[in-house]
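Asker: Please read through the structure below; I'll follow up with questions.
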Amino acid sequence: MFDRFFRSKPAPDVAPRPSAAAPDPSGDTATVRRIVAKLEAMPPEQARLIASAAYTLARAANADLDISDEETAAIERELQAHEAIDEATAVLVTEMAKLQARTVGGPEDFSVTREFKALASDEQKLDVLRACFAIGAANGSISAEETAIVNEIAEELDIDDATLNSIRADFHDQLSAVQAIRRINAGG
């Protein structure tokens, strides 16, 4: 899915890039080109790992069909954890992943998570699962829809229930169901 973003050669029907000698007045194009160059310079397996992790995080954020600014910032932070990519690259990769999660979804969700599973270490799988919960909690509450998607992701990554429950326990107070019960108990 993200392979088209990480190709080292442009597709034949893509117009050639403007020369670096003609600077863009806003500077944005030069910045984007530097980021894309970093991604293209990565070993393909590392680029696929980052892309599939980013999509998986965006998938979790989009579970309620809305990716908030807080969730976006959380995805960017998670992608920068362990110093895999810098901030500018994390912003670009996050935006690409959000667009894909919003527009593709469905069967692609499983395919990308399966690719991530094939590329990631056990520790990376757990880190992404934790990050999915953290992204859901970014706005203070993890919805039932977000919880369901994180459960699907855990299953697709072959993370056992005991490990999933242990990670979920770290986010117990942010679960919307727990918050609703506490509101009822406080009012009653």
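Chain lettering (A, B, ...) mirrors the order of the structure tokens, residue numbering begins at 1 for each chain separately, and ligand numbering begins at 1 in order of display.
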Could you pull out the alpha helix (DSSP H) residues of stretch 18-149 of chain A, going by DSSP on the backbone, and write them as a compact mmCIF listing (two decimals) with C-alpha atoms, in the first residue's frame?
Answerer:
# COMPACT_ATOMS: atom_id res chain seq x y z
CA ASP A 28 7.54 23.99 1.44
CA THR A 29 8.37 22.01 -1.66
CA ALA A 30 12.05 21.87 -0.76
CA THR A 31 11.15 20.65 2.73
CA VAL A 32 8.88 17.95 1.36
CA ARG A 33 11.58 16.88 -1.11
CA ARG A 34 14.12 16.54 1.71
CA ILE A 35 11.69 14.36 3.68
CA VAL A 36 10.86 12.20 0.68
CA ALA A 37 14.59 11.83 -0.01
CA LYS A 38 15.07 10.58 3.57
CA LEU A 39 12.32 8.02 3.10
CA GLU A 40 13.72 6.92 -0.25
CA ALA A 41 17.18 6.59 1.30
CA PRO A 44 12.95 -0.65 1.73
CA GLU A 45 12.17 -2.99 4.65
CA GLN A 46 12.57 -0.15 7.18
CA ALA A 47 10.40 2.16 5.07
CA ARG A 48 7.70 -0.55 4.85
CA LEU A 49 7.91 -1.13 8.61
CA ILE A 50 7.44 2.58 9.34
CA ALA A 51 4.67 2.92 6.76
CA SER A 52 2.76 -0.13 8.02
CA ALA A 53 3.16 0.96 11.65
CA ALA A 54 1.92 4.46 10.77
CA TYR A 55 -1.10 3.07 8.94
CA THR A 56 -1.91 0.77 11.85
CA LEU A 57 -1.79 3.74 14.25
CA ALA A 58 -3.96 5.84 11.93
CA ARG A 59 -6.38 2.92 11.64
CA ALA A 60 -6.77 2.90 15.43
CA ALA A 61 -7.23 6.68 15.50
CA ASP A 69 -5.58 16.94 16.32
CA GLU A 70 -4.64 15.27 19.62
CA GLU A 71 -4.61 11.85 17.96
CA THR A 72 -2.57 13.20 15.06
CA ALA A 73 0.01 14.64 17.47
CA ALA A 74 0.08 11.31 19.34
CA ILE A 75 0.75 9.38 16.11
CA GLU A 76 3.59 11.77 15.28
CA ARG A 77 5.09 11.29 18.78
CA GLU A 78 4.81 7.52 18.57
CA LEU A 79 6.53 7.46 15.19
CA GLN A 80 9.41 9.48 16.63
CA GLU A 87 9.74 15.15 13.47
CA ALA A 88 9.35 16.44 9.91
CA THR A 89 9.32 12.92 8.51
CA ALA A 90 6.86 11.79 11.20
CA VAL A 91 4.49 14.62 10.24
CA LEU A 92 4.59 13.65 6.56
CA VAL A 93 4.21 9.93 7.21
CA THR A 94 1.34 10.61 9.65
CA GLU A 95 -0.53 12.69 7.08
CA MET A 96 -0.08 9.99 4.43
CA ALA A 97 -1.25 7.29 6.84
CA LYS A 98 -4.28 9.33 7.93
CA LEU A 99 -5.32 9.86 4.32
CA GLN A 100 -5.02 6.15 3.59
CA ALA A 101 -6.89 5.13 6.76
CA ARG A 102 -9.73 7.52 5.93
CA THR A 103 -10.05 6.54 2.28
CA PRO A 107 -9.59 -5.32 3.64
CA GLU A 108 -6.51 -3.09 3.41
CA ASP A 109 -6.54 -2.80 7.21
CA PHE A 110 -5.84 -6.50 7.63
CA SER A 111 -3.30 -6.58 4.79
CA VAL A 112 -1.25 -3.71 6.19
CA THR A 113 -1.38 -5.07 9.75
CA ARG A 114 -0.26 -8.45 8.40
CA GLU A 115 2.67 -6.74 6.62
CA PHE A 116 3.59 -4.95 9.85
CA LYS A 117 3.41 -8.28 11.72
CA ALA A 118 5.77 -9.89 9.20
CA LEU A 119 8.33 -7.07 9.49
CA ASP A 122 7.66 -8.93 19.11
CA GLU A 123 8.71 -5.80 20.99
CA GLN A 124 7.70 -3.55 18.09
CA LYS A 125 4.30 -5.25 17.89
CA LEU A 126 3.71 -4.56 21.59
CA ASP A 127 4.93 -0.97 21.17
CA VAL A 128 2.43 -0.39 18.34
CA LEU A 129 -0.38 -1.96 20.35
CA ARG A 130 0.45 0.30 23.33
CA ALA A 131 0.64 3.25 20.94
CA CYS A 132 -2.83 2.41 19.59
CA PHE A 133 -4.22 2.69 23.12
CA ALA A 134 -2.26 5.90 23.76
CA ILE A 135 -3.59 7.44 20.55
CA GLY A 136 -7.15 6.52 21.50
CA ALA A 144 -15.85 1.56 22.39
CA GLU A 145 -15.12 1.75 18.65
CA GLU A 146 -11.45 2.47 19.32
CA THR A 147 -11.27 -0.40 21.82
CA ALA A 148 -12.82 -2.78 19.28
CA ILE A 149 -10.31 -1.81 16.59
Asker: Between atom CA of A:Leu164 and atom CA of A:Asn151, measure the distance and give it in Å to one decimal.
Answerer: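 Atom CA of A:Asn151 lies 7.8 Å from atom CA of A:Leu164.
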Asker: Could you jot down the atom CA of A:Leu175 to atom CA of A:Gly140 separation for me, Å, one decimal place?
Answerer: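 Computing it gives 8.7 Å between the two atoms.
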